[in-house]
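Structure, as structure tokens:
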Amino acid sequence: MEQYKQLGTYRVHRKLLDFVSARVLPEAATRQQFWQGVERILDEFIPRNEALLHERESFERLLQDWYSDHKHNFDVNEYERFLQSIGYIEPVVPDFQIDVSNVDLEITQQAGPQLVVPLDNARYALNAANARWGSLYDALYGTDVIDESDGEKTKGYNPTRGAAVIAYAKQFLDDTFPLREGTHREAEGYSIEGDAAYAVLDGKRVPFQQHCFVGYEGSPESPDRLLLVHNGLHAELKFDRHHPVGKSDPAGLVDIELESALSAIVDCEDSVAAVRAEDKVHLYENWLGLMDGTLEATFQKGDQSLTRTLNPDRHYIGTGGREVVLPGRALLFIRNVGHLMTTDLILDGEGREVPEGIVDGIFTALIASRHLDANRNSRERSIYIVKPKMHGSKEVAFTNDLFDTIEDLIDVPRHTIKVGVMDEERRTSLNLKNCIHQVKGRVVFINTGFLDRTGDEIHTSLTLGPMRRKGEMKTSEWLDAYERLNVRVGLGAGFHRRGQIGKGMWAMPDQMKDMMLDKVNHVRSGATTAWVPSPTAATLHALHYHQVDASGVQRELLNAPFDTAREQRRLLEIPLATDVYAAEEVNEELENNLQGLLGYVVRWVEQGVGCSKVPDIHHIGLMEDRATLRISSQHVANWLYHGVCTKEQVEATLRRMAEVVDAQNAGDPHYRPMTPDVERSLAYQAARDLVFQGTDSPSGYTEPILHRRRREFIEQSTRENVKGGASS
């Protein structure tokens, strides 16, 4: 308890106190008022938080009882009536439109990629913030979008591959910014006259087909940079006839930089392993560094020591000679944790940890509020918080009320805190219109998340029957309805050009060619943003928003017929297995689930890495976070419950897959092998817990087990270090 100081009826960890005093609220009088306000918020919202968690448990019990009585005579219409009778499906509110003010253009007017990045890694957070602009040449050269047959990725520059990159990029210019005659491949230069840009072909100035000129840098006769716009997204053409690439280009073009990640979510939740007060304060320190512009990351790249900081804004000469300033960084959201977990940052009068989601809301908003005037993030003086894993409209109303009280505490106008609602739990999907209504004055973002949503789908109906294989889930009736409803309900509530509608992550950062073929469908579906795993992927995905006008798609959808009631019923189709799987299919599914589960858990528990590229059973790197873990663990737990596989079979597969994961990590000097003595491996034991205790995990969440095992590992490592120091 020496680590804590009593403030009112609560004890606050000294690391949090010191951080707030030194870097956030140096004024003593302000601090005193602040901590008194924190106490009032905790007094009011802790009981409400507990009541909402009890309601989740109550619904689970009612559902499992109903499934027991209807295993052999399941009828979706009767099921829907039952869910309505217990309040699981809520009476739908009348039609309405969201009414949110002071929202940045990246959300209301532009459509483009979104990054999600762990906040505990300063370098990654800076990379994400700086991914607002990306080199198209680099993105093409370094990925499989350009086939190796068109030039291999050698250690040095391969001019054959470079030529293929330039050809691809010039085709992008022809498709996106066509000239009235000729092509960009023939351009000998570019110039500006009046309020228009021209390409020079065979000594003649050729205008663009549509007005796309925004600004330039350098001389109008031969600019160093030329800024164009299409579908609300900017592209900067860079020229340098002395550059090795520019020397060989008729126009001196050395690169095309695309406006890429318009926004980024810096994450306190699924992609971090923050289990102690020290971890949480580190997150808040990094968030402060992003808000006040001081965050830095120094790292080694080859023989060089590099320091990364936040990029400045970009300045151009626009029409009429006026200055054009564009953001140099992505608009940053911060994702708080949900309702379930608690934190040792603050203890109540009985020594119990308080809800982490309440604490996150208070301190992430406080930190952002101290730097609103600088306009480093939001030009509209807004704070953007993504709230995950809410179940139904009561939990969304709780968040709205919490944000009201936080705004009063930090003395900012009502609805300064904007909210992004993650549509990733079943009760939220079924009641999405009601959920949006509860935050209609502050909601700016909704999105779908296949993995968490599927994890909840499995856990909710766990006892009804065995679920189909994970790969087959993607063709489920409910999943198609879920993706369609998210867009249409959002548009019905007025999200067109007022808020973001998002889609989920492309999980294979090395498979960019496949991403370019597949992820354009997110734009075609009516989404104005979608998650990508890296800045490079953001630059490539930005091409899709030039190919497809997301705003135009939404306008068409607004005028298209849509049977909401039918889609709601499709959403209730539970993805049960329709066939008995052969032994080899069961074994294949178990190996796939358990190898991925072990590969992620061992890094989470023993290295504190919450998100990383984890090789799957076929050695393909997949971006993994707790959402992937949730679906895998729940899937195996479901099959165990229904006898599709046996405990002995799972145990044997776990051991085999532990050997695979050990081999995949053999080159990591910090890695502790799980085999042969798996009983001593806390990571292995955590994986076992996730599977064999999966039916009892609240909503199928992995956090309680992961946090417990991570803390246990830290304590064990501390004891070993103390013992080693004493013996030396």
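Just remember, in the structure tokens the first chain shown is A, the second B, etc., residues are 1-based per chain, and ligands are 1-based in the order shown.
All residues within stretch 517-647 of chain A that the backbone DSSP calculation assigns to strand (DSSP E or B) are Thr529, Ala530, Trp531, Val532, Leu576, Ser612, Lys613, Val614, Pro615, Gly621, Leu622, Met623 and Glu624 of chain A.
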Emit the selected residues as a CSV table (one decimal), in the first residue's frame, including N, CA, C and O atoms.
```csv
chain,number,residue,atom,x,y,z
A,529,THR,N,-14.4,4.1,-44.4
A,529,THR,CA,-13.1,3.8,-43.9
A,529,THR,C,-13.0,2.3,-43.6
A,529,THR,O,-14.0,1.6,-43.5
A,530,ALA,N,-11.8,1.8,-43.6
A,530,ALA,CA,-11.6,0.4,-43.3
A,530,ALA,C,-10.2,0.2,-42.7
A,530,ALA,O,-9.3,1.0,-43.0
A,531,TRP,N,-10.0,-0.7,-41.8
A,531,TRP,CA,-8.7,-0.9,-41.1
A,531,TRP,C,-7.7,-1.6,-42.0
A,531,TRP,O,-8.0,-2.6,-42.7
A,532,VAL,N,-6.5,-1.1,-41.8
A,532,VAL,CA,-5.3,-1.7,-42.5
A,532,VAL,C,-4.2,-2.0,-41.5
A,532,VAL,O,-4.2,-1.3,-40.4
A,576,LEU,N,-24.6,-22.8,-36.9
A,576,LEU,CA,-24.3,-24.1,-36.4
A,576,LEU,C,-23.8,-25.0,-37.6
A,576,LEU,O,-24.2,-24.7,-38.8
A,612,SER,N,1.0,-8.3,-32.8
A,612,SER,CA,2.2,-8.5,-33.6
A,612,SER,C,1.8,-9.4,-34.8
A,612,SER,O,0.7,-10.0,-34.8
A,613,LYS,N,2.7,-9.5,-35.7
A,613,LYS,CA,2.6,-10.4,-36.9
A,613,LYS,C,3.0,-11.8,-36.4
A,613,LYS,O,4.2,-12.1,-36.2
A,614,VAL,N,2.0,-12.7,-36.3
A,614,VAL,CA,2.2,-14.0,-35.8
A,614,VAL,C,2.1,-15.0,-37.0
A,614,VAL,O,1.1,-15.0,-37.6
A,615,PRO,N,3.1,-15.8,-37.2
A,615,PRO,CA,2.9,-16.8,-38.3
A,615,PRO,C,1.9,-17.9,-38.0
A,615,PRO,O,1.8,-18.4,-36.9
A,621,GLY,N,2.3,-14.7,-42.1
A,621,GLY,CA,2.2,-13.8,-41.0
A,621,GLY,C,0.8,-13.1,-40.9
A,621,GLY,O,0.4,-12.5,-41.9
A,622,LEU,N,0.2,-13.2,-39.8
A,622,LEU,CA,-1.1,-12.6,-39.6
A,622,LEU,C,-1.0,-11.6,-38.4
A,622,LEU,O,-0.4,-11.9,-37.4
A,623,MET,N,-1.7,-10.5,-38.6
A,623,MET,CA,-1.8,-9.5,-37.5
A,623,MET,C,-2.8,-10.0,-36.5
A,623,MET,O,-3.9,-10.2,-36.8
A,624,GLU,N,-2.3,-10.3,-35.3
A,624,GLU,CA,-3.1,-10.9,-34.2
A,624,GLU,C,-3.3,-9.9,-33.1
A,624,GLU,O,-2.3,-9.3,-32.6
```
Surrounding residues of A:Glu424 excluding itself and chain neighbours under 2 positions, 6 Å, only C-alpha atoms, as a count of residues only
5
Atomic separation - atom CA of A:Glu483 relative to atom CA of A:Phe562, Å:
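Computed distance, atom CA of A:Phe562 to atom CA of A:Glu483, equals 13.4 Å.
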Please list as a list in words every residue within 8 Å of A:Val324, counting only C-alpha atoms and excluding residues in the same chain fewer than 6 positions away.
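These residues fall inside the cut-off: Val214, Gly215, His315, Tyr316, Ile317 and Gly318 of chain A.
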Go ahead and save the residues from that selection, with N, CA and C atoms, as a PDB file, in the first residue's frame.
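Output saved as out-v7.pdb:
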```
ATOM      1  N   VAL A 214      -4.801  21.805 -56.648  1.00  0.00           N
ATOM      2  CA  VAL A 214      -4.966  22.377 -55.310  1.00  0.00           C
ATOM      3  C   VAL A 214      -3.843  23.357 -54.994  1.00  0.00           C
ATOM      4  N   GLY A 215      -2.596  22.961 -55.283  1.00  0.00           N
ATOM      5  CA  GLY A 215      -1.489  23.833 -54.941  1.00  0.00           C
ATOM      6  C   GLY A 215      -0.165  23.287 -55.450  1.00  0.00           C
ATOM      7  N   HIS A 315       2.580  22.685 -46.567  1.00  0.00           N
ATOM      8  CA  HIS A 315       2.215  24.016 -47.044  1.00  0.00           C
ATOM      9  C   HIS A 315       2.435  24.109 -48.554  1.00  0.00           C
ATOM     10  N   TYR A 316       1.467  24.732 -49.218  1.00  0.00           N
ATOM     11  CA  TYR A 316       1.518  24.888 -50.671  1.00  0.00           C
ATOM     12  C   TYR A 316       1.031  26.284 -51.044  1.00  0.00           C
ATOM     13  N   ILE A 317       1.322  26.671 -52.283  1.00  0.00           N
ATOM     14  CA  ILE A 317       0.750  27.885 -52.875  1.00  0.00           C
ATOM     15  C   ILE A 317      -0.482  27.443 -53.657  1.00  0.00           C
ATOM     16  N   GLY A 318      -1.626  27.959 -53.282  1.00  0.00           N
ATOM     17  CA  GLY A 318      -2.870  27.553 -53.918  1.00  0.00           C
ATOM     18  C   GLY A 318      -3.369  28.557 -54.939  1.00  0.00           C
TER      19      GLY A 318
END
```
Using only C-alpha atoms, determine which residues lie at most 10 Å from A:Leu201, disregarding the query and same-chain residues fewer than 4 positions distant; provide the list as a VMD selection string.
chain A and resid 181 to 190 205 to 206 250 to 251
Write the residues you've just listed into a file as a compact mmCIF listing (two decimals), in the first residue's frame, and include N, CA and C atoms for each of them.
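Generated output (out27.txt):
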```txt
# COMPACT_ATOMS: atom_id res chain seq x y z
N GLU A 181 -5.72 15.08 -73.51
CA GLU A 181 -5.14 14.28 -74.58
C GLU A 181 -3.81 13.72 -74.10
N GLY A 182 -3.44 12.58 -74.63
CA GLY A 182 -2.19 11.96 -74.24
C GLY A 182 -2.27 11.33 -72.85
N THR A 183 -1.11 10.90 -72.36
CA THR A 183 -1.05 10.23 -71.07
C THR A 183 0.09 10.81 -70.23
N HIS A 184 0.02 10.52 -68.93
CA HIS A 184 1.08 10.98 -68.03
C HIS A 184 2.41 10.30 -68.34
N ARG A 185 2.36 9.15 -68.98
CA ARG A 185 3.61 8.47 -69.35
C ARG A 185 4.40 9.30 -70.36
N GLU A 186 3.70 10.13 -71.12
CA GLU A 186 4.35 10.95 -72.15
C GLU A 186 4.73 12.34 -71.65
N ALA A 187 4.34 12.67 -70.43
CA ALA A 187 4.56 14.03 -69.92
C ALA A 187 6.05 14.33 -69.81
N GLU A 188 6.42 15.53 -70.28
CA GLU A 188 7.81 15.99 -70.19
C GLU A 188 8.01 16.94 -69.02
N GLY A 189 6.92 17.33 -68.39
CA GLY A 189 6.98 18.25 -67.27
C GLY A 189 5.57 18.69 -66.91
N TYR A 190 5.45 19.52 -65.87
CA TYR A 190 4.17 20.05 -65.42
C TYR A 190 4.35 21.52 -65.08
N ARG A 205 1.35 22.58 -73.65
CA ARG A 205 0.65 22.44 -72.37
C ARG A 205 -0.70 21.78 -72.59
N VAL A 206 -0.96 20.70 -71.84
CA VAL A 206 -2.21 19.94 -71.97
C VAL A 206 -2.93 20.00 -70.62
N PRO A 250 10.92 11.37 -67.94
CA PRO A 250 10.82 12.54 -68.84
C PRO A 250 10.37 13.81 -68.13
N ALA A 251 9.50 13.65 -67.10
CA ALA A 251 8.99 14.82 -66.38
C ALA A 251 9.78 15.10 -65.11
```
